[in-house]
file my_file16.cif (mmCIF, C-alpha atoms)
data_start
loop_
_atom_site.label_atom_id
_atom_site.label_comp_id
_atom_site.auth_asym_id
_atom_site.auth_seq_id
_atom_site.Cartn_x
_atom_site.Cartn_y
_atom_site.Cartn_z
CA MET A 1 -49.06 38.51 17.95
CA LYS A 2 -46.40 35.98 17.08
CA LYS A 3 -46.18 35.14 13.39
CA THR A 4 -46.27 31.51 12.27
CA ASP A 5 -43.37 30.50 10.04
CA ALA A 6 -44.83 28.91 6.90
CA ARG A 7 -41.88 26.49 6.79
CA SER A 8 -43.31 24.78 9.89
CA LEU A 9 -46.48 23.79 7.98
CA ASP A 10 -46.86 20.42 6.33
CA PRO A 11 -46.40 20.30 2.51
CA LYS A 12 -50.14 20.28 1.70
CA ALA A 13 -50.78 23.33 3.89
CA GLN A 14 -47.87 25.14 2.27
CA GLU A 15 -49.31 24.40 -1.17
CA ALA A 16 -52.71 25.76 -0.14
CA LEU A 17 -51.09 28.90 1.29
CA ARG A 18 -49.20 29.54 -1.94
CA LEU A 19 -52.39 29.23 -4.00
CA ARG A 20 -54.29 31.63 -1.74
CA VAL A 21 -51.51 34.23 -1.89
CA VAL A 22 -51.12 34.02 -5.67
CA ARG A 23 -54.89 34.24 -6.27
CA ALA A 24 -55.16 37.23 -3.96
CA VAL A 25 -52.31 39.06 -5.72
CA ASN A 26 -53.77 38.21 -9.14
CA LYS A 27 -57.09 39.76 -8.01
CA GLY A 28 -55.35 43.04 -7.25
CA LEU A 29 -54.03 42.69 -3.70
CA LYS A 30 -50.69 44.46 -3.30
CA GLN A 31 -47.73 42.28 -2.35
CA THR A 32 -46.93 44.49 0.67
CA GLU A 33 -50.47 43.95 1.95
CA ALA A 34 -50.24 40.19 1.27
CA VAL A 35 -47.15 40.08 3.48
CA LYS A 36 -49.15 41.43 6.42
CA ILE A 37 -52.30 39.41 5.78
CA PHE A 38 -50.71 36.00 5.13
CA CYS A 39 -47.61 36.44 7.36
CA VAL A 40 -45.15 35.48 4.62
CA SER A 41 -42.06 37.25 3.28
CA ARG A 42 -42.11 39.35 0.14
CA PRO A 43 -39.25 37.36 -1.52
CA ALA A 44 -41.40 34.25 -1.09
CA ILE A 45 -44.36 35.95 -2.79
CA ILE A 46 -42.13 37.11 -5.67
CA LYS A 47 -40.84 33.54 -6.08
CA TRP A 48 -44.35 32.05 -6.05
CA MET A 49 -45.58 34.55 -8.64
CA ARG A 50 -42.66 33.67 -10.91
CA GLN A 51 -43.40 29.93 -10.51
CA TRP A 52 -47.07 30.61 -11.28
CA ARG A 53 -46.21 32.46 -14.48
CA GLN A 54 -43.84 29.70 -15.60
CA ALA A 55 -45.82 26.56 -14.75
CA GLY A 56 -49.20 27.63 -13.47
CA GLN A 57 -50.67 25.75 -10.51
CA CYS A 58 -48.19 22.88 -11.05
CA GLY A 59 -45.34 25.21 -10.10
CA LEU A 60 -46.85 25.68 -6.65
CA ARG A 61 -47.33 22.03 -5.79
CA ALA A 62 -45.76 20.62 -2.64
CA GLN A 63 -42.39 18.98 -3.17
CA LYS A 64 -40.90 16.16 -1.14
CA ARG A 65 -38.53 17.64 1.44
CA GLY A 66 -35.21 16.36 2.80
CA ARG A 67 -32.38 14.38 1.25
CA PRO A 68 -33.42 11.97 -1.55
CA SER A 69 -33.86 8.43 -0.18
CA VAL A 70 -32.41 6.88 -3.34
CA LYS A 71 -28.62 6.57 -3.29
CA ARG A 72 -26.73 8.18 -6.11
CA LEU A 73 -24.34 5.23 -6.49
CA SER A 74 -25.62 1.77 -7.26
CA PRO A 75 -24.24 -1.17 -5.20
CA ARG A 76 -22.12 -2.27 -8.17
CA GLN A 77 -20.68 1.23 -8.63
CA ALA A 78 -19.95 1.49 -4.90
CA ALA A 79 -18.16 -1.88 -4.92
CA THR A 80 -16.02 -0.72 -7.86
CA ILE A 81 -14.98 2.46 -6.06
CA VAL A 82 -14.12 0.58 -2.84
CA SER A 83 -11.95 -1.96 -4.68
CA LEU A 84 -10.08 0.83 -6.50
CA ILE A 85 -9.42 2.69 -3.23
CA ILE A 86 -8.12 -0.46 -1.52
CA GLU A 87 -6.04 -1.84 -4.39
CA LYS A 88 -4.75 1.32 -6.11
CA THR A 89 -3.25 4.68 -5.24
CA PRO A 90 -4.57 7.92 -6.81
CA ASP A 91 -1.46 8.43 -8.97
CA GLN A 92 -1.85 4.90 -10.38
CA LEU A 93 -5.27 5.99 -11.63
CA LYS A 94 -3.80 9.25 -12.99
CA LEU A 95 -5.50 11.42 -10.40
CA PRO A 96 -3.64 14.55 -9.14
CA PHE A 97 -3.46 13.29 -5.55
CA ALA A 98 -0.88 11.41 -3.48
CA LEU A 99 -3.38 10.05 -0.93
CA TRP A 100 -7.02 9.03 -0.95
CA THR A 101 -8.90 12.09 0.32
CA ARG A 102 -12.58 12.92 -0.06
CA GLY A 103 -11.66 15.18 -2.98
CA ALA A 104 -9.71 12.38 -4.66
CA VAL A 105 -12.63 9.94 -4.29
CA GLN A 106 -14.99 12.65 -5.56
CA GLN A 107 -12.95 13.00 -8.77
CA LEU A 108 -12.67 9.23 -9.12
CA ILE A 109 -16.47 8.90 -9.06
CA VAL A 110 -16.82 11.65 -11.68
CA ARG A 111 -14.28 10.01 -13.99
CA ARG A 112 -15.68 6.50 -13.63
CA PHE A 113 -19.43 7.13 -13.63
CA GLY A 114 -19.97 10.83 -14.42
CA ILE A 115 -21.75 11.35 -11.09
CA ARG A 116 -20.99 14.55 -9.18
CA LEU A 117 -21.23 14.32 -5.40
CA SER A 118 -20.32 16.84 -2.70
CA VAL A 119 -17.31 16.09 -0.51
CA TRP A 120 -19.70 15.68 2.45
CA THR A 121 -21.69 13.03 0.58
CA VAL A 122 -18.43 11.31 -0.37
CA GLY A 123 -17.42 11.38 3.32
CA ARG A 124 -20.70 9.70 4.29
CA TYR A 125 -20.16 7.05 1.62
CA LEU A 126 -16.63 6.38 2.87
CA LYS A 127 -17.90 5.98 6.43
CA SER A 128 -20.65 3.59 5.34
CA TRP A 129 -18.08 1.53 3.41
CA GLY A 130 -15.96 1.13 6.54
CA LEU A 131 -13.13 3.34 5.20
CA THR A 132 -11.50 5.67 7.73
CA PRO A 133 -8.68 8.25 7.41
CA GLN A 134 -5.42 6.61 8.50
CA LYS A 135 -1.73 7.41 8.49
CA PRO A 136 -0.33 5.35 5.60
CA LEU A 137 2.66 3.06 5.91
CA ARG A 138 5.71 3.95 3.88
CA ARG A 139 6.69 1.27 1.38
CA ALA A 140 9.59 1.46 -1.06
CA TYR A 141 8.94 1.30 -4.78
CA GLU A 142 11.84 -1.19 -5.00
CA GLN A 143 10.02 -3.76 -2.89
CA ASP A 144 9.15 -6.99 -4.75
CA PRO A 145 5.57 -7.98 -3.82
CA GLN A 146 6.13 -11.52 -5.10
CA ALA A 147 9.18 -11.94 -2.86
CA VAL A 148 7.13 -10.70 0.11
CA ARG A 149 4.35 -13.19 -0.60
CA ARG A 150 6.90 -15.97 -1.07
CA TRP A 151 8.52 -15.10 2.25
CA VAL A 152 5.23 -15.18 4.16
CA LYS A 153 3.78 -18.25 2.45
CA ALA A 154 6.84 -20.45 1.85
CA VAL A 155 10.21 -19.20 3.14
CA TYR A 156 9.31 -18.42 6.74
CA PRO A 157 7.21 -21.60 7.21
CA SER A 158 10.26 -23.55 5.96
CA ILE A 159 12.51 -21.75 8.49
CA LYS A 160 10.03 -22.58 11.23
CA ARG A 161 10.03 -26.27 10.29
CA GLN A 162 13.83 -26.37 10.29
CA ALA A 163 13.89 -24.69 13.71
CA ARG A 164 11.57 -27.34 15.13
CA THR A 165 13.74 -30.10 13.71
CA VAL A 166 16.94 -28.89 15.40
CA LYS A 167 15.09 -27.35 18.41
CA ALA A 168 16.34 -23.86 17.55
CA GLU A 169 14.89 -20.56 18.75
CA ILE A 170 13.90 -18.00 16.12
CA TYR A 171 15.01 -14.41 16.77
CA TRP A 172 14.25 -11.30 14.74
CA GLY A 173 17.06 -8.73 14.75
CA ASP A 174 17.58 -5.13 13.69
CA GLU A 175 19.72 -2.04 14.36
CA MET A 176 18.69 1.53 15.05
CA GLY A 177 20.25 4.92 15.73
CA LEU A 178 18.88 7.52 18.16
CA ARG A 179 19.52 11.27 18.06
CA SER A 180 19.29 13.94 20.75
CA ASP A 181 17.33 16.25 18.41
CA HIS A 182 14.71 13.64 17.50
CA GLN A 183 11.25 14.69 18.74
CA THR A 184 8.41 12.21 19.23
CA GLY A 185 5.05 12.38 20.95
CA ARG A 186 2.65 15.29 21.40
CA SER A 187 2.01 17.91 24.07
CA TYR A 188 -1.12 19.94 24.83
CA GLY A 189 -1.03 23.68 24.27
CA LEU A 190 -3.19 26.64 23.26
CA ARG A 191 -4.60 26.53 19.74
CA GLY A 192 -2.21 28.21 17.33
CA GLN A 193 0.64 28.28 19.87
CA THR A 194 2.99 25.32 19.42
CA PRO A 195 4.43 24.16 22.77
CA VAL A 196 8.20 24.56 23.19
CA ILE A 197 10.07 21.67 24.82
CA PRO A 198 13.44 22.75 26.32
CA GLY A 199 16.40 20.53 25.50
CA THR A 200 20.09 20.59 24.86
CA GLY A 201 21.39 22.28 21.73
CA GLN A 202 24.18 19.69 21.46
CA ARG A 203 23.86 16.97 18.87
CA PHE A 204 24.77 13.48 19.90
CA GLY A 205 23.39 10.01 19.55
CA CYS A 206 23.79 6.33 20.21
CA ASN A 207 22.98 3.08 18.46
CA MET A 208 21.39 -0.18 19.48
CA ILE A 209 21.12 -3.67 18.06
CA SER A 210 18.39 -5.94 19.35
CA ALA A 211 16.70 -9.27 18.73
CA ILE A 212 13.30 -10.49 19.93
CA THR A 213 11.23 -13.68 19.83
CA ASN A 214 7.48 -14.20 19.62
CA ARG A 215 7.63 -15.54 23.19
CA GLY A 216 8.74 -12.14 24.48
CA ALA A 217 12.51 -12.59 24.86
CA VAL A 218 14.69 -9.50 24.24
CA ARG A 219 18.46 -9.37 23.66
CA PHE A 220 20.28 -6.12 22.95
CA ILE A 221 23.47 -4.07 22.94
CA VAL A 222 23.53 -0.26 23.20
CA PHE A 223 26.71 1.36 21.91
CA LYS A 224 28.20 4.72 20.95
CA GLU A 225 30.45 3.67 18.07
CA ARG A 226 29.52 2.98 14.46
CA PHE A 227 27.82 -0.29 13.59
CA THR A 228 30.44 -2.61 12.06
CA SER A 229 30.97 -6.32 11.49
CA VAL A 230 33.12 -6.46 14.65
CA LEU A 231 30.25 -5.15 16.75
CA PHE A 232 27.73 -7.40 14.99
CA LEU A 233 29.89 -10.45 15.75
CA ARG A 234 30.10 -9.32 19.36
CA PHE A 235 26.31 -9.32 19.49
CA LEU A 236 26.07 -12.76 17.83
CA LYS A 237 28.54 -14.28 20.28
CA ARG A 238 26.65 -12.89 23.23
CA LEU A 239 23.37 -14.11 21.73
CA ILE A 240 24.38 -17.75 21.40
CA LYS A 241 26.01 -17.62 24.84
CA ASP A 242 22.82 -16.34 26.51
CA VAL A 243 20.35 -18.55 24.62
CA ARG A 244 22.32 -21.79 25.03
CA ARG A 245 20.51 -23.52 22.17
CA PRO A 246 20.67 -23.20 18.38
CA VAL A 247 19.62 -19.76 17.17
CA PHE A 248 17.94 -18.86 13.88
CA LEU A 249 18.37 -15.08 13.46
CA ILE A 250 16.29 -13.26 10.83
CA VAL A 251 17.64 -9.86 9.76
CA ASP A 252 17.52 -7.47 6.81
CA ARG A 253 20.14 -7.30 4.08
CA HIS A 254 22.35 -4.64 5.66
CA ARG A 255 25.88 -4.81 4.26
CA VAL A 256 27.30 -5.59 7.73
CA HIS A 257 25.08 -8.68 7.96
CA ARG A 258 26.58 -9.92 4.69
CA ALA A 259 30.19 -8.95 5.43
CA LEU A 260 32.91 -11.52 4.67
CA ALA A 261 34.04 -11.68 8.30
CA VAL A 262 30.47 -12.45 9.39
CA LYS A 263 30.09 -15.18 6.77
CA GLN A 264 33.33 -16.84 7.83
CA TRP A 265 32.37 -16.77 11.51
CA LEU A 266 28.91 -18.18 10.72
CA ARG A 267 30.45 -21.09 8.80
CA SER A 268 32.59 -22.01 11.80
CA ASN A 269 29.60 -21.75 14.15
CA ALA A 270 26.95 -23.30 11.93
CA LYS A 271 25.71 -25.62 14.68
CA SER A 272 25.03 -22.73 17.05
CA ILE A 273 23.55 -20.05 14.81
CA ARG A 274 22.18 -19.51 11.30
CA LEU A 275 21.34 -16.23 9.59
CA PHE A 276 18.29 -15.70 7.35
CA PHE A 277 17.53 -12.59 5.32
CA LEU A 278 14.22 -10.80 4.82
CA PRO A 279 13.18 -9.67 1.32
CA THR A 280 14.76 -6.39 0.29
CA TYR A 281 13.04 -3.11 1.24
CA SER A 282 10.58 -4.89 3.56
CA PRO A 283 11.05 -3.52 7.10
CA GLU A 284 7.34 -3.99 7.82
CA LEU A 285 7.94 -7.77 7.89
CA ASN A 286 10.34 -7.47 10.83
CA PRO A 287 8.71 -7.44 14.31
CA ASP A 288 11.89 -5.96 15.81
CA GLU A 289 11.09 -2.71 13.98
CA LEU A 290 8.19 -2.32 16.41
CA LEU A 291 10.60 -2.50 19.35
CA ASN A 292 12.66 0.22 17.64
CA ASN A 293 9.55 2.42 17.36
CA ASP A 294 8.70 1.70 20.99
CA VAL A 295 12.15 2.83 22.17
CA LYS A 296 12.12 5.96 19.99
CA GLY A 297 8.67 6.98 21.16
CA ASN A 298 8.84 6.15 24.86
CA ALA A 299 12.41 5.93 26.18
CA PHE A 300 12.70 9.74 26.43
CA ARG A 301 9.05 10.63 26.97
CA ILE A 302 9.48 11.85 30.57
CA ARG A 303 12.74 13.79 30.19
CA ARG A 304 15.13 14.48 27.32
CA PRO A 305 18.76 13.30 27.84
CA ALA A 306 21.32 16.09 28.29
CA THR A 307 24.43 14.04 27.41
CA GLN A 308 25.34 11.02 25.32
CA SER A 309 26.13 8.98 28.43
CA GLU A 310 22.70 9.75 29.85
CA MET A 311 21.09 8.75 26.55
CA VAL A 312 22.88 5.37 26.55
CA HIS A 313 21.93 4.83 30.20
CA ARG A 314 18.27 5.68 29.54
CA VAL A 315 18.00 3.39 26.48
CA ARG A 316 19.59 0.49 28.35
CA GLY A 317 17.27 1.06 31.31
CA TYR A 318 14.22 1.09 29.03
CA LEU A 319 15.25 -2.11 27.28
CA HIS A 320 15.93 -3.82 30.62
CA LYS A 321 12.37 -2.86 31.60
CA ARG A 322 11.03 -4.37 28.37
CA GLN A 323 12.91 -7.62 29.12
CA LYS A 324 10.75 -7.92 32.23
CA MET A 325 7.55 -7.38 30.22
CA PRO A 326 7.43 -10.24 27.70
CA TRP A 327 3.71 -9.71 27.07
CA VAL A 328 4.48 -6.32 25.52
CA ILE A 329 6.93 -7.91 23.07
CA GLN A 330 4.41 -10.65 22.29
CA ASN A 331 1.84 -7.99 21.43
CA PHE A 332 4.15 -6.65 18.72
CA PHE A 333 3.55 -9.88 16.81
CA HIS A 334 -0.20 -9.21 16.70
CA LYS A 335 0.21 -6.42 14.15
CA SER A 336 -1.20 -7.42 10.77
CA THR A 337 2.10 -7.09 8.87
CA VAL A 338 4.01 -9.43 11.22
CA CYS A 339 1.27 -11.70 12.59
CA TYR A 340 2.57 -14.48 10.31
CA ALA A 341 5.51 -14.80 12.77
CA SER A 342 3.35 -14.97 15.91
CA ASN A 343 3.70 -18.74 16.37
#

call {"tool": "encode", "arguments": {"input": "my_file16.cif", "output": "structure tokens"}}
result
Amino acid sequence: MKKTDARSLDPKAQEALRLRVVRAVNKGLKQTEAVKIFCVSRPAIIKWMRQWRQAGQCGLRAQKRGRPSVKRLSPRQAATIVSLIIEKTPDQLKLPFALWTRGAVQQLIVRRFGIRLSVWTVGRYLKSWGLTPQKPLRRAYEQDPQAVRRWVKAVYPSIKRQARTVKAEIYWGDEMGLRSDHQTGRSYGLRGQTPVIPGTGQRFGCNMISAITNRGAVRFIVFKERFTSVLFLRFLKRLIKDVRRPVFLIVDRHRVHRALAVKQWLRSNAKSIRLFFLPTYSPELNPDELLNNDVKGNAFRIRRPATQSEMVHRVRGYLHKRQKMPWVIQNFFHKSTVCYASN
């Protein structure tokens, strides 16, 4: 005969079963016999007898099962936690964490409100608040948030108005170096066995300078030598020759961009090109950084270059392909950090 698990009974039936077992044992029935008669475990009988001795019949009453329906955090407490996670980092709140993890949020709740929650409950809260685990952006401590806001709200709109007045085209420029030993992307493999990608043991690299517009135009030079003012001027001359209209070029504050030779050349070509500088330590404001990431991640995805010449050839070929896909470049400007430059 198959035994019926008492846990499958409804709460009232469980309460009645407990009372019958306890009364039978109190009248002299042995616990081993009660196990056979009532089809319950002996540890359960021992527990019920202890509850009877401590609280009488009240200790055997049916309890509400399942997770409590009342939330541990009030709406106001939840809103406070969300605002702290969005606006602060754990170290700013003197928590021993670098990133917001479930454990960090758990400790924050304890410190703020004295409420202890499991990491699983914290995870459910984070999901209900619309917070997901993400790879954070790197931002320099030296960055001036006020300068960034001023650039987005006032400086760039002013540049845009000036460009419309003189019918200039706004380009965003940047430089980047590539290395033969740089590894990007992922590859499937057996769990615990990291895939090995064969490649040359030689170390070589190349550099590129590029400029893009929010309409999808791409201009670039790929070179093997070091980036200097001579090479930068070569790029500027080619840029104004290809565009054939006034150019407003926005770049970072690299020392080559501010070199004396560059300043002198710009003064003598003021009608053709003007240079504007982004706030310091703010690469996330430059859409051309996204083209750099695109080249690093995808130019060598199919096959790794074996020589420096092959690397230069592959990078040039990839950038030529991007020149024929303006919609891809336009999509770079949809990212939240650079969407201010999308029109």

call {"tool": "closest_atom_pairs", "arguments": {"input": "my_file16.cif", "of": "region 107-163 of chain A", "to": "region 74-84 of chain A", "cutoff": "8 Å", "atoms": "only C-alpha atoms", "output": "JSON lines"}}
result
{"residue": "A:Leu108", "atom": "CA", "partner": "A:Ile81", "partner_atom": "CA", "distance": 7.8}
{"residue": "A:Ile109", "atom": "CA", "partner": "A:Ile81", "partner_atom": "CA", "distance": 7.3}
{"residue": "A:Phe113", "atom": "CA", "partner": "A:Gln77", "partner_atom": "CA", "distance": 7.8}
{"residue": "A:Trp129", "atom": "CA", "partner": "A:Val82", "partner_atom": "CA", "distance": 7.5}

call {"tool": "closest_residue", "arguments": {"input": "my_file16.cif", "among": "A:Arg112, A:Arg301, A:Glu225, A:Val40", "to": "His182 (chain A)", "atoms": "all atoms listed in the file"}}
result
A:Arg301

call {"tool": "residues_around", "arguments": {"input": "my_file16.cif", "residues": "region 322-328 of chain A", "least_positions_apart": "3", "cutoff": "12 Å", "atoms": "all atoms listed in the file", "output": "list in words"}}
result
Ser210, Ala211, Ile212, Thr213, Asn214, Arg215, Gly216, Ala217, Val218, Arg219, Phe220, Leu290, Leu291, Asn292, Asp294, Val295, Asn298, Ala299, Val315, Arg316, Gly317, Tyr318, Leu319, Asn331, Phe332, Phe333 and His334 of chain A

call {"tool": "resolve_selection", "arguments": {"input": "my_file16.cif", "expression": "the PyMOL selection byres ((chain A and resi 282) around 10)", "output": "PyMOL selection string"}}
result
chain A and resi 139-140+142-145+147-148+252-253+278-281+283-286

call {"tool": "write_last_selection", "arguments": {"input": "my_file16.cif", "atoms": "C-alpha atoms", "output": "mmCIF file, in the frame of the given file"}}
result
data_model
loop_
_atom_site.group_PDB
_atom_site.id
_atom_site.type_symbol
_atom_site.label_atom_id
_atom_site.label_comp_id
_atom_site.auth_asym_id
_atom_site.auth_seq_id
_atom_site.Cartn_x
_atom_site.Cartn_y
_atom_site.Cartn_z
ATOM 1 C CA ARG A 139 6.690 1.270 1.380
ATOM 2 C CA ALA A 140 9.590 1.460 -1.060
ATOM 3 C CA GLU A 142 11.840 -1.190 -5.000
ATOM 4 C CA GLN A 143 10.020 -3.760 -2.890
ATOM 5 C CA ASP A 144 9.150 -6.990 -4.750
ATOM 6 C CA PRO A 145 5.570 -7.980 -3.820
ATOM 7 C CA ALA A 147 9.180 -11.940 -2.860
ATOM 8 C CA VAL A 148 7.130 -10.700 0.110
ATOM 9 C CA ASP A 252 17.520 -7.470 6.810
ATOM 10 C CA ARG A 253 20.140 -7.300 4.080
ATOM 11 C CA LEU A 278 14.220 -10.800 4.820
ATOM 12 C CA PRO A 279 13.180 -9.670 1.320
ATOM 13 C CA THR A 280 14.760 -6.390 0.290
ATOM 14 C CA TYR A 281 13.040 -3.110 1.240
ATOM 15 C CA PRO A 283 11.050 -3.520 7.100
ATOM 16 C CA GLU A 284 7.340 -3.990 7.820
ATOM 17 C CA LEU A 285 7.940 -7.770 7.890
ATOM 18 C CA ASN A 286 10.340 -7.470 10.830
#

call {"tool": "atom_distance", "arguments": {"input": "my_file16.cif", "atom1": "CA of Arg274 (chain A)", "atom2": "CA of Ala261 (chain A)"}}
result
14.5 Å

call {"tool": "atom_distance", "arguments": {"input": "my_file16.cif", "atom1": "CA of Trp265 (chain A)", "atom2": "CA of Ile221 (chain A)"}}
result
19.3 Å

call {"tool": "residues_near_point", "arguments": {"input": "my_file16.cif", "point": "(-8.6, 10.3, -9.4)", "cutoff": "9 Å", "atoms": "only C-alpha atoms", "output": "short mmCIF file (atom, residue, chain, number, x, y, z; two decimals) with C-alpha atoms, in the coordinates of the input"}}
result
data_model
loop_
_atom_site.label_atom_id
_atom_site.label_comp_id
_atom_site.auth_asym_id
_atom_site.auth_seq_id
_atom_site.Cartn_x
_atom_site.Cartn_y
_atom_site.Cartn_z
CA THR A 89 -3.25 4.68 -5.24
CA PRO A 90 -4.57 7.92 -6.81
CA ASP A 91 -1.46 8.43 -8.97
CA GLN A 92 -1.85 4.90 -10.38
CA LEU A 93 -5.27 5.99 -11.63
CA LYS A 94 -3.80 9.25 -12.99
CA LEU A 95 -5.50 11.42 -10.40
CA PRO A 96 -3.64 14.55 -9.14
CA PHE A 97 -3.46 13.29 -5.55
CA TRP A 100 -7.02 9.03 -0.95
CA GLY A 103 -11.66 15.18 -2.98
CA ALA A 104 -9.71 12.38 -4.66
CA VAL A 105 -12.63 9.94 -4.29
CA GLN A 106 -14.99 12.65 -5.56
CA GLN A 107 -12.95 13.00 -8.77
CA LEU A 108 -12.67 9.23 -9.12
CA ILE A 109 -16.47 8.90 -9.06
CA VAL A 110 -16.82 11.65 -11.68
CA ARG A 111 -14.28 10.01 -13.99
#

call {"tool": "resolve_selection", "arguments": {"input": "my_file16.cif", "expression": "the PyMOL selection byres ((chain A and resi 242) around 12)", "output": "PyMOL selection string"}}
result
chain A and resi 169+217-220+235-241+243-247+272

call {"tool": "write_last_selection", "arguments": {"input": "my_file16.cif", "atoms": "C-alpha atoms", "output": "mmCIF file, keeping the file's coordinate frame"}}
result
data_model
loop_
_atom_site.group_PDB
_atom_site.id
_atom_site.type_symbol
_atom_site.label_atom_id
_atom_site.label_comp_id
_atom_site.auth_asym_id
_atom_site.auth_seq_id
_atom_site.Cartn_x
_atom_site.Cartn_y
_atom_site.Cartn_z
ATOM 1 C CA GLU A 169 14.890 -20.560 18.750
ATOM 2 C CA ALA A 217 12.510 -12.590 24.860
ATOM 3 C CA VAL A 218 14.690 -9.500 24.240
ATOM 4 C CA ARG A 219 18.460 -9.370 23.660
ATOM 5 C CA PHE A 220 20.280 -6.120 22.950
ATOM 6 C CA PHE A 235 26.310 -9.320 19.490
ATOM 7 C CA LEU A 236 26.070 -12.760 17.830
ATOM 8 C CA LYS A 237 28.540 -14.280 20.280
ATOM 9 C CA ARG A 238 26.650 -12.890 23.230
ATOM 10 C CA LEU A 239 23.370 -14.110 21.730
ATOM 11 C CA ILE A 240 24.380 -17.750 21.400
ATOM 12 C CA LYS A 241 26.010 -17.620 24.840
ATOM 13 C CA VAL A 243 20.350 -18.550 24.620
ATOM 14 C CA ARG A 244 22.320 -21.790 25.030
ATOM 15 C CA ARG A 245 20.510 -23.520 22.170
ATOM 16 C CA PRO A 246 20.670 -23.200 18.380
ATOM 17 C CA VAL A 247 19.620 -19.760 17.170
ATOM 18 C CA SER A 272 25.030 -22.730 17.050
#

call {"tool": "atom_distance", "arguments": {"input": "my_file16.cif", "atom1": "CA of Val35 (chain A)", "atom2": "CA of Val21 (chain A)"}}
result
9.1 Å

call {"tool": "closest_residue", "arguments": {"input": "my_file16.cif", "among": "A:Ile86, A:Ile209, A:Ile45, A:Gly59", "to": "Leu29 (chain A)", "atoms": "all atoms listed in the file"}}
result
A:Ile45

call {"tool": "closest_residue", "arguments": {"input": "my_file16.cif", "among": "A:His320, A:Arg203, A:Lys263, A:Arg124", "to": "Pro305 (chain A)", "atoms": "only C-alpha atoms"}}
result
A:Arg203

call {"tool": "residues_around", "arguments": {"input": "my_file16.cif", "residues": "region 255-260 of chain A", "least_positions_apart": "3", "cutoff": "9 Å", "atoms": "only C-alpha atoms", "output": "list of chain:residue names"}}
result
A:Phe227, A:Thr228, A:Ser229, A:Phe232, A:Val251, A:Asp252, A:Lys263, A:Gln264, A:Trp265, A:Leu275, A:Phe277
